[in-house]
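Structure below is start_32.csv: CSV, C-alpha atoms.
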```csv
chain,number,residue,atom,x,y,z
F,39,MET,CA,29.4,18.4,-2.2
F,40,ILE,CA,25.6,17.9,-1.8
F,41,PRO,CA,24.0,20.3,0.7
F,42,SER,CA,22.0,19.1,3.6
F,43,VAL,CA,18.3,18.9,2.8
F,44,ASN,CA,16.0,20.8,5.2
F,45,LEU,CA,12.9,18.6,5.7
F,46,LYS,CA,10.3,20.5,7.8
F,47,PRO,CA,7.6,18.2,9.2
F,48,LEU,CA,4.3,18.5,7.3
F,49,TYR,CA,0.8,18.4,8.5
F,50,TRP,CA,-1.9,16.3,6.8
F,51,HIS,CA,-5.4,17.5,6.1
F,52,PRO,CA,-8.2,15.2,4.9
F,53,TYR,CA,-10.5,15.9,1.9
F,54,ILE,CA,-13.4,14.3,3.7
F,55,THR,CA,-14.9,15.0,7.2
F,56,PRO,CA,-13.3,12.6,9.8
F,57,VAL,CA,-15.3,10.6,12.3
F,58,GLU,CA,-16.1,12.7,15.3
F,59,VAL,CA,-15.3,10.8,18.5
F,60,ALA,CA,-18.7,11.9,20.0
F,61,ASP,CA,-20.5,10.3,17.1
F,62,ALA,CA,-18.4,7.2,16.7
F,63,THR,CA,-19.7,3.6,16.7
F,64,PRO,CA,-18.3,1.1,19.2
F,65,ALA,CA,-16.2,-0.5,16.4
F,66,GLN,CA,-14.8,2.9,15.4
F,67,LEU,CA,-14.0,3.8,19.1
F,68,ASP,CA,-12.3,0.5,19.4
F,69,ALA,CA,-10.3,1.0,16.2
F,70,MET,CA,-9.2,4.5,17.3
F,71,LYS,CA,-8.3,3.2,20.8
F,72,VAL,CA,-10.4,5.9,22.4
F,73,THR,CA,-10.1,5.7,26.2
F,74,PRO,CA,-11.0,8.2,29.0
F,75,SER,CA,-7.3,9.2,29.0
F,76,ASN,CA,-6.9,9.2,25.2
F,77,LYS,CA,-9.6,11.3,23.6
F,78,LYS,CA,-7.4,13.4,21.3
F,79,ILE,CA,-7.2,11.3,18.1
F,80,SER,CA,-5.5,12.6,15.0
F,81,GLU,CA,-7.4,13.6,11.8
F,82,TYR,CA,-5.6,10.8,10.0
F,83,VAL,CA,-6.9,8.1,12.3
F,84,ARG,CA,-10.4,9.6,12.5
F,85,THR,CA,-10.6,9.7,8.7
F,86,LEU,CA,-9.6,6.1,8.3
F,87,ALA,CA,-11.9,5.0,11.2
F,88,HIS,CA,-14.8,5.5,8.7
F,89,ASP,CA,-13.9,1.8,7.8
F,90,PRO,CA,-12.6,0.5,11.1
F,91,ASP,CA,-11.9,-3.2,10.1
F,92,SER,CA,-9.4,-2.3,7.4
F,93,TYR,CA,-7.8,0.4,9.5
F,94,VAL,CA,-7.1,-2.1,12.4
F,95,ALA,CA,-5.9,-4.9,10.1
F,96,ARG,CA,-3.5,-2.6,8.1
F,97,THR,CA,-2.1,-0.9,11.3
F,98,VAL,CA,-1.2,-4.3,12.7
F,99,LEU,CA,0.6,-5.3,9.4
F,100,PHE,CA,2.2,-1.9,9.0
F,101,ASN,CA,3.7,-1.9,12.5
F,102,ALA,CA,5.1,-5.4,12.0
F,103,ILE,CA,6.7,-4.6,8.6
F,104,MET,CA,8.3,-1.4,9.8
F,105,TYR,CA,9.2,-2.2,13.4
F,106,VAL,CA,9.5,-6.0,13.9
F,107,GLU,CA,12.9,-7.1,15.5
F,108,GLY,CA,15.7,-8.7,13.5
F,109,GLY,CA,16.1,-9.1,9.8
F,110,LEU,CA,16.5,-6.0,7.7
F,111,ASP,CA,18.1,-2.9,9.3
F,112,ARG,CA,15.4,-0.4,10.1
F,113,ALA,CA,17.1,2.4,8.2
F,114,ASP,CA,17.0,0.2,5.1
F,115,ARG,CA,13.2,-0.3,5.6
F,116,GLU,CA,12.8,3.5,5.7
F,117,LEU,CA,14.8,3.8,2.5
F,118,GLY,CA,12.4,1.4,0.8
F,119,ALA,CA,9.5,3.4,2.2
F,120,LEU,CA,11.1,6.6,0.9
F,121,GLY,CA,11.7,5.3,-2.6
F,122,ALA,CA,8.1,4.1,-2.9
F,123,SER,CA,6.7,7.4,-1.5
F,124,ILE,CA,8.7,9.5,-4.1
F,125,VAL,CA,7.5,7.3,-7.0
F,126,ASN,CA,3.9,7.4,-5.7
F,127,GLY,CA,4.0,11.2,-5.2
F,128,CYS,CA,3.2,11.1,-1.4
F,129,ARG,CA,5.0,14.2,-0.2
F,130,TYR,CA,3.8,13.7,3.4
F,131,CYS,CA,5.0,10.1,3.6
F,132,ALA,CA,8.3,10.9,1.9
F,133,VAL,CA,9.1,13.7,4.4
F,134,VAL,CA,8.2,11.5,7.5
F,135,HIS,CA,10.3,8.6,6.3
F,136,ALA,CA,13.2,10.6,5.0
F,137,ARG,CA,13.4,12.2,8.5
F,138,ARG,CA,13.3,8.7,10.1
F,139,HIS,CA,16.0,7.4,7.8
F,140,ALA,CA,18.2,10.4,8.8
F,141,GLN,CA,17.6,9.7,12.5
F,142,LEU,CA,18.3,6.0,12.2
F,143,ALA,CA,21.3,6.4,10.0
F,144,GLU,CA,22.6,9.3,12.1
F,145,SER,CA,23.2,11.1,8.9
F,146,ASP,CA,21.2,12.9,6.3
F,147,ALA,CA,23.6,12.2,3.5
F,148,VAL,CA,21.5,9.6,1.8
F,149,VAL,CA,18.2,11.5,2.0
F,150,SER,CA,19.9,14.7,0.9
F,151,ALA,CA,21.3,12.9,-2.2
F,152,ILE,CA,17.8,11.6,-3.0
F,153,TYR,CA,16.1,15.0,-2.5
F,154,PHE,CA,18.7,16.8,-4.6
F,155,ASP,CA,18.2,14.1,-7.4
F,156,ARG,CA,21.8,12.8,-6.9
F,157,ALA,CA,21.0,9.1,-6.3
F,158,ASP,CA,24.1,8.5,-8.4
F,159,VAL,CA,26.3,9.3,-5.4
F,160,LEU,CA,24.7,6.7,-3.1
F,161,GLY,CA,26.8,3.8,-1.8
F,162,GLU,CA,26.3,0.4,-3.4
F,163,ARG,CA,23.9,-1.0,-0.8
F,164,ASP,CA,21.7,2.2,-0.6
F,165,ALA,CA,21.7,2.4,-4.4
F,166,ALA,CA,20.6,-1.2,-4.8
F,167,ILE,CA,17.8,-0.7,-2.2
F,168,TYR,CA,16.6,2.6,-3.6
F,169,ARG,CA,16.6,1.4,-7.2
F,170,PHE,CA,14.6,-1.7,-6.3
F,171,ALA,CA,12.1,0.4,-4.3
F,172,ARG,CA,11.5,2.7,-7.2
F,173,ARG,CA,11.2,0.0,-9.8
F,174,LEU,CA,8.9,-2.2,-7.7
F,175,SER,CA,6.6,0.8,-7.0
F,176,VAL,CA,5.7,1.8,-10.6
F,177,THR,CA,2.6,0.3,-12.1
F,178,PRO,CA,3.1,-2.3,-13.5
F,179,ALA,CA,6.3,-3.1,-11.5
F,180,GLU,CA,9.5,-2.9,-13.5
F,181,ALA,CA,11.8,-4.5,-10.9
F,182,SER,CA,13.9,-7.2,-12.6
F,183,ALA,CA,16.3,-10.1,-12.0
F,184,GLU,CA,19.2,-7.6,-12.3
F,185,ASP,CA,17.7,-5.5,-9.4
F,186,MET,CA,17.4,-8.7,-7.3
F,187,ALA,CA,21.0,-9.7,-8.2
F,188,ALA,CA,22.1,-6.2,-7.1
F,189,LEU,CA,20.5,-6.8,-3.6
F,190,ARG,CA,22.3,-10.2,-3.3
F,191,ALA,CA,25.6,-8.7,-4.5
F,192,VAL,CA,25.6,-6.3,-1.5
F,193,GLY,CA,25.1,-9.2,0.8
F,194,MET,CA,21.3,-9.3,1.5
F,195,ASN,CA,19.8,-12.7,2.3
F,196,ASP,CA,16.4,-14.0,1.5
F,197,GLN,CA,14.8,-12.9,4.8
F,198,GLU,CA,16.2,-9.4,4.5
F,199,ILE,CA,14.9,-9.1,0.9
F,200,ILE,CA,11.5,-10.3,2.1
F,201,ASP,CA,11.5,-7.6,4.7
F,202,LEU,CA,12.5,-5.0,2.0
F,203,ILE,CA,9.7,-6.2,-0.4
F,204,HIS,CA,7.2,-5.7,2.4
F,205,ALA,CA,8.5,-2.3,3.4
F,206,ILE,CA,8.2,-1.1,-0.2
F,207,ALA,CA,4.8,-2.8,-0.8
F,208,ILE,CA,3.2,-1.4,2.4
F,209,PHE,CA,4.0,2.1,1.1
F,210,GLY,CA,2.3,1.2,-2.2
F,211,TRP,CA,-0.7,1.0,0.2
F,212,ALA,CA,0.0,3.9,2.7
F,213,ASN,CA,0.8,6.4,-0.1
F,214,ARG,CA,-2.5,5.6,-1.8
F,215,LEU,CA,-4.3,6.5,1.4
F,216,MET,CA,-2.4,9.6,2.5
F,217,HIS,CA,-2.0,11.2,-0.9
F,218,VAL,CA,-5.4,10.3,-2.2
F,219,LEU,CA,-7.5,11.1,0.9
F,220,GLY,CA,-5.8,14.4,1.8
F,221,HIS,CA,-3.0,16.8,1.3
F,222,ALA,CA,0.0,18.0,3.3
F,223,ASP,CA,1.4,21.4,4.0
F,224,LEU,CA,3.4,23.3,6.7
F,225,ASN,CA,0.2,24.6,8.5
F,226,LYS,CA,-1.1,22.8,11.6
L,240,MET,CA,-1.5,-23.6,5.1
L,241,SER,CA,-1.0,-21.8,1.8
L,242,ASP,CA,-2.6,-18.4,1.3
L,243,ALA,CA,-3.5,-16.0,-1.5
L,244,ILE,CA,0.1,-14.8,-1.9
L,245,ASP,CA,1.5,-18.3,-2.1
L,246,ARG,CA,-1.1,-19.1,-4.9
L,247,ALA,CA,-0.2,-15.9,-6.7
L,248,VAL,CA,3.5,-16.6,-6.6
L,249,GLY,CA,3.1,-20.4,-7.2
L,250,LEU,CA,4.7,-21.4,-3.9
L,251,ASN,CA,4.1,-24.9,-2.5
L,252,ALA,CA,4.9,-26.1,1.0
L,253,GLU,CA,8.1,-27.9,-0.3
L,254,ASP,CA,9.5,-24.6,-1.7
L,255,ALA,CA,12.3,-23.0,0.4
L,256,LEU,CA,10.7,-19.6,-0.1
L,257,TYR,CA,7.4,-20.9,1.4
L,258,GLY,CA,9.3,-21.6,4.6
L,259,THR,CA,11.3,-18.4,4.5
L,260,ARG,CA,8.1,-16.4,4.2
L,261,ARG,CA,6.9,-18.0,7.4
L,262,LEU,CA,9.9,-16.8,9.4
L,263,ARG,CA,7.7,-13.6,9.4
L,264,PRO,CA,4.4,-15.0,10.6
L,265,GLU,CA,3.2,-11.5,11.4
L,266,PHE,CA,3.5,-10.6,7.7
L,267,VAL,CA,1.8,-13.7,6.5
L,268,ASP,CA,-1.1,-13.5,9.0
L,269,GLY,CA,-1.2,-9.7,8.7
L,270,ALA,CA,-1.6,-9.7,4.9
L,271,GLU,CA,-4.3,-12.4,5.1
L,272,GLN,CA,-6.3,-10.4,7.8
L,273,CYS,CA,-5.9,-7.3,5.5
L,274,ARG,CA,-7.2,-9.2,2.5
L,275,LEU,CA,-10.3,-10.3,4.4
L,276,SER,CA,-10.8,-6.7,5.7
L,277,VAL,CA,-11.1,-5.3,2.2
L,278,LEU,CA,-12.5,-8.2,0.2
L,279,ALA,CA,-14.8,-10.0,2.7
L,280,PRO,CA,-15.4,-7.4,5.4
L,281,ASN,CA,-17.9,-8.0,8.2
L,282,ASP,CA,-19.4,-4.6,7.4
L,283,ASP,CA,-19.1,-3.9,3.7
L,284,GLN,CA,-20.3,-0.3,4.0
L,285,GLY,CA,-22.6,-0.9,1.1
L,286,LEU,CA,-19.7,-1.6,-1.2
L,287,ALA,CA,-20.8,-5.2,-2.1
L,288,PRO,CA,-18.3,-8.1,-2.4
L,289,ASP,CA,-19.0,-8.5,-6.2
L,290,VAL,CA,-18.0,-4.9,-6.8
L,291,ARG,CA,-14.9,-5.4,-4.7
L,292,PHE,CA,-13.8,-8.5,-6.5
L,293,ALA,CA,-14.5,-6.9,-9.9
L,294,LEU,CA,-12.3,-3.9,-9.0
L,295,ALA,CA,-9.6,-6.2,-7.6
L,296,GLN,CA,-9.5,-8.2,-10.9
L,297,ARG,CA,-9.3,-5.0,-12.9
L,298,MET,CA,-6.4,-3.6,-10.8
L,299,ALA,CA,-4.5,-6.9,-10.9
L,300,MET,CA,-4.7,-6.6,-14.7
L,301,LEU,CA,-3.3,-3.0,-14.6
L,302,ASN,CA,-0.4,-4.4,-12.5
L,303,ASN,CA,0.2,-7.1,-15.2
L,304,ASP,CA,-0.4,-9.8,-12.6
L,305,ALA,CA,-2.0,-12.6,-14.5
L,306,GLU,CA,-2.1,-15.0,-11.5
L,307,LEU,CA,-3.9,-12.5,-9.2
L,308,GLN,CA,-6.2,-11.5,-12.1
L,309,ALA,CA,-7.2,-15.1,-12.6
L,310,ASP,CA,-7.7,-15.6,-8.8
L,311,TYR,CA,-10.0,-12.6,-8.5
L,312,GLN,CA,-11.8,-13.6,-11.7
L,313,ALA,CA,-12.5,-17.1,-10.2
L,314,GLN,CA,-13.8,-15.5,-6.9
L,315,LEU,CA,-16.0,-13.0,-8.8
L,316,ALA,CA,-17.5,-15.9,-10.9
L,317,THR,CA,-18.9,-17.5,-7.7
L,318,LEU,CA,-21.0,-14.4,-6.9
L,319,GLN,CA,-23.1,-14.5,-10.1
L,320,PRO,CA,-21.9,-11.1,-11.3
L,321,SER,CA,-23.9,-8.8,-13.6
L,322,ASP,CA,-22.7,-8.2,-17.2
L,323,GLN,CA,-21.7,-4.6,-16.1
L,324,LEU,CA,-19.5,-6.0,-13.3
L,325,LEU,CA,-17.9,-8.5,-15.6
L,326,ALA,CA,-17.2,-5.6,-18.0
L,327,LEU,CA,-15.7,-3.5,-15.2
L,328,ALA,CA,-13.5,-6.5,-14.1
L,329,ALA,CA,-12.3,-7.0,-17.7
L,330,GLY,CA,-11.2,-3.4,-18.0
L,331,ALA,CA,-14.0,-1.8,-19.9
L,332,SER,CA,-14.5,2.0,-19.8
L,333,GLU,CA,-18.1,2.2,-21.1
L,334,LEU,CA,-19.9,1.6,-17.9
L,335,ALA,CA,-23.0,2.9,-16.1
L,336,GLU,CA,-22.7,5.1,-13.1
L,337,PRO,CA,-21.5,4.7,-10.4
L,338,LEU,CA,-19.3,1.9,-11.7
L,339,ALA,CA,-17.8,4.2,-14.3
L,340,THR,CA,-16.6,6.6,-11.6
L,341,LEU,CA,-15.3,3.7,-9.4
L,342,ALA,CA,-13.4,2.2,-12.3
L,343,ARG,CA,-11.8,5.6,-13.3
L,344,HIS,CA,-10.8,6.2,-9.7
L,345,ALA,CA,-9.3,2.8,-9.3
L,346,ASP,CA,-7.4,3.1,-12.6
L,347,LEU,CA,-6.0,6.6,-11.6
L,348,VAL,CA,-4.9,5.6,-8.1
L,349,THR,CA,-3.4,2.3,-9.3
L,350,GLN,CA,-1.5,3.8,-12.2
L,351,GLN,CA,-0.7,7.4,-11.3
L,352,PRO,CA,-1.4,7.9,-7.6
L,353,MET,CA,0.7,11.1,-7.8
L,354,ASN,CA,-2.0,12.7,-10.0
L,355,ALA,CA,-4.8,12.2,-7.5
L,356,THR,CA,-6.3,15.5,-6.2
L,357,GLU,CA,-9.2,16.7,-4.1
L,358,GLN,CA,-11.3,16.8,-7.2
L,359,HIS,CA,-11.2,13.0,-7.5
L,360,ILE,CA,-12.7,12.6,-4.1
L,361,ARG,CA,-15.4,15.1,-5.0
L,362,LEU,CA,-16.2,13.0,-8.1
L,363,LEU,CA,-16.7,9.9,-5.8
L,364,GLU,CA,-19.1,12.0,-3.7
L,365,GLN,CA,-21.0,13.1,-6.8
L,366,ALA,CA,-21.4,9.5,-7.8
L,367,GLY,CA,-23.1,8.9,-4.5
L,368,LEU,CA,-20.4,7.5,-2.3
L,369,SER,CA,-20.5,8.1,1.4
L,370,ASN,CA,-17.4,8.8,3.5
L,371,PRO,CA,-17.2,5.2,4.8
L,372,GLN,CA,-17.5,4.0,1.1
L,373,ILE,CA,-14.8,6.4,0.0
L,374,VAL,CA,-12.4,5.1,2.7
L,375,ALA,CA,-13.4,1.4,2.1
L,376,LEU,CA,-12.8,1.9,-1.7
L,377,SER,CA,-9.4,3.6,-1.0
L,378,GLU,CA,-8.3,0.7,1.3
L,379,LEU,CA,-9.3,-1.8,-1.3
L,380,ILE,CA,-7.4,0.0,-4.1
L,381,ALA,CA,-4.4,0.4,-1.9
L,382,PHE,CA,-4.4,-3.2,-0.7
L,383,VAL,CA,-4.4,-4.7,-4.2
L,384,ASN,CA,-1.4,-2.5,-5.1
L,385,PHE,CA,0.3,-3.8,-1.9
L,386,GLN,CA,-0.5,-7.4,-2.7
L,387,THR,CA,0.6,-7.2,-6.4
L,388,ARG,CA,4.0,-5.8,-5.2
L,389,VAL,CA,4.5,-8.5,-2.6
L,390,ALA,CA,3.8,-11.1,-5.3
L,391,ALA,CA,6.0,-9.4,-7.9
L,392,GLY,CA,8.9,-9.2,-5.4
L,393,LEU,CA,8.6,-12.8,-4.2
L,394,ARG,CA,8.4,-14.1,-7.8
L,395,LEU,CA,11.7,-12.3,-8.5
L,396,LEU,CA,13.2,-13.6,-5.3
L,397,ARG,CA,12.2,-17.2,-6.1
L,398,SER,CA,13.7,-17.2,-9.5
L,399,ALA,CA,16.9,-15.4,-8.5
```
File written out as structure tokens:
Amino acid sequence: MIPSVNLKPLYWHPYITPVEVADATPAQLDAMKVTPSNKKISEYVRTLAHDPDSYVARTVLFNAIMYVEGGLDRADRELGALGASIVNGCRYCAVVHARRHAQLAESDAVVSAIYFDRADVLGERDAAIYRFARRLSVTPAEASAEDMAALRAVGMNDQEIIDLIHAIAIFGWANRLMHVLGHADLNK
Amino acid sequence: MSDAIDRAVGLNAEDALYGTRRLRPEFVDGAEQCRLSVLAPNDDQGLAPDVRFALAQRMAMLNNDAELQADYQAQLATLQPSDQLLALAAGASELAEPLATLARHADLVTQQPMNATEQHIRLLEQAGLSNPQIVALSELIAFVNFQTRVAAGLRLLRSA
């Protein structure tokens, strides 16, 4: 029996000084969506607002990949995100998306197995998704025809696999921001 | 209209996967807007387009993506790059500063992102990068690693 993992939320702290709202350019204010009723902007957003165009473009794509309706089940997208985050060493992203997976799946069995290094006990579908996520995330990617065949074998169609590829790939992006530009701990 | 990812994967309008990709227009348009935001930004923050393409070519190579490597090489060639930038793009390590620091950082974050620490950001600062340049560089590195994984996944899907 694998115990239940206790994943406390982490707080992210940047290695560079974030943009101060008072000093922000119009493009930065627009990117951060600063309004009279929304002046409290997270350090994460204020850090990335140093380059507002890429922040806005990526946020639009990220939200589409993780939240668009239909297609791949949202818990499966979170499992792809978790596999990528573990390979890339982004502890912050891993905890956020493990918690989301547990909420969406209404069970922490899958994330507990992963955190206690017991991916061998995952069901066939979760195992196929998690293995593909890990093998697509290393550099260079090691995902293979066998990994793709395993996704098909558990009943995934092309559109669902495209959703999964994007969920993994966007964490190849997000992990390289969060883990590189800052660090996470339990302190606010 | 085909885009950079279609070209990298070798997809034509008559391929089934070309149409399946477009069942998610927000992914296709979103990836293209992101590509423009890191490779042809309105405000390049002083990180010039030729440096960006040279780094992209280098990172495509580290990802074993010959198609994206060739695509970035062709785009770099249109910008009359210096010998130093051509060397950076081709993977050289003997480079003048600040290119040497940019290349080392791109290599680390592409290949072993888990090993990145605060010290690596301090090295970028010591090489003269401003905070906007550090963020713009990070977004470029991260984008190419996104794009190579989308391309790798779609190639597997097409041949499966």
message = If I take atom CA of Gly249 of chain L and atom CA of Ala331 of chain L, how far is one from the other in Å, to one decimal?
response = 28.3 Å
ask   = Taking only C-alpha atoms into account, which residues of chain F are within 8 Å of chain L, as a count of residues only?
value = 49
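Nearest residue to Ala279 of chain L among L:Leu334, L:Ala345, L:Ile244, L:Leu315 is L:Leu315, counting all atoms listed in the file.
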key: Residue among L:Ser321, L:Leu338, L:Gly330, L:Leu363 lying closest to Gln296 of chain L, counting all atoms listed in the file   =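 Between L:Ser321, L:Leu338, L:Gly330, L:Leu363, the residue approaching Gln296 of chain L most closely is L:Gly330.
Distance-wise, atom CA of Ala342 of chain L and atom CA of Ala87 of chain F end up 23.7 Å apart.
A straight line drawn from atom CA of Ile206 of chain F to atom CA of Ala119 of chain F is 5.3 Å long.
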Who sits within 7 Å of Gln66 of chain F, only C-alpha atoms, same chain under 4 positions skipped, as a compact mmCIF listing (two decimals) with C-alpha atoms, in the coordinates of the input:
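Now in around.txt:
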```txt
# COMPACT_ATOMS: atom_id res chain seq x y z
CA ALA F 62 -18.40 7.20 16.70
CA MET F 70 -9.20 4.50 17.30
CA ALA F 87 -11.90 5.00 11.20
CA PRO F 90 -12.60 0.50 11.10
```
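Distances to Gln365 of chain L were evaluated for L:Leu347, L:Ala329, L:Gln312, L:Glu336 using all atoms listed in the file, and the minimum falls at L:Glu336.
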request  = Could you check which of L:Ala305, L:Tyr311, L:Val290, L:Ala295 is closest to Ala339 of chain L, using all atoms listed in the file?
outcome  =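 Of L:Ala305, L:Tyr311, L:Val290, L:Ala295, the one nearest Ala339 of chain L is L:Val290, counting all atoms listed in the file.
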ask   = Residues at most 7 Å from Met104 of chain F, counting only C-alpha atoms, excluding those fewer than 3 positions away in the same chain, as a count of residues only?
value = 4
task = Excluding Met216 of chain F and residues on its chain fewer than 5 positions from it, collect all residues at most 9 Å away from it, counting all atoms listed in the file, and give them as a PyMOL selection string.
result = chain F and resi 50+52+82+128+130-131+221-222
inquiry  = Here is a test: counting all atoms listed in the file, which residue of L:Leu325, L:Ala366, L:Ala243, L:Val248 is nearest to Pro337 of chain L?
reply    =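 Checking each of L:Leu325, L:Ala366, L:Ala243, L:Val248 against Pro337 of chain L, counting all atoms listed in the file, the winner is L:Ala366.
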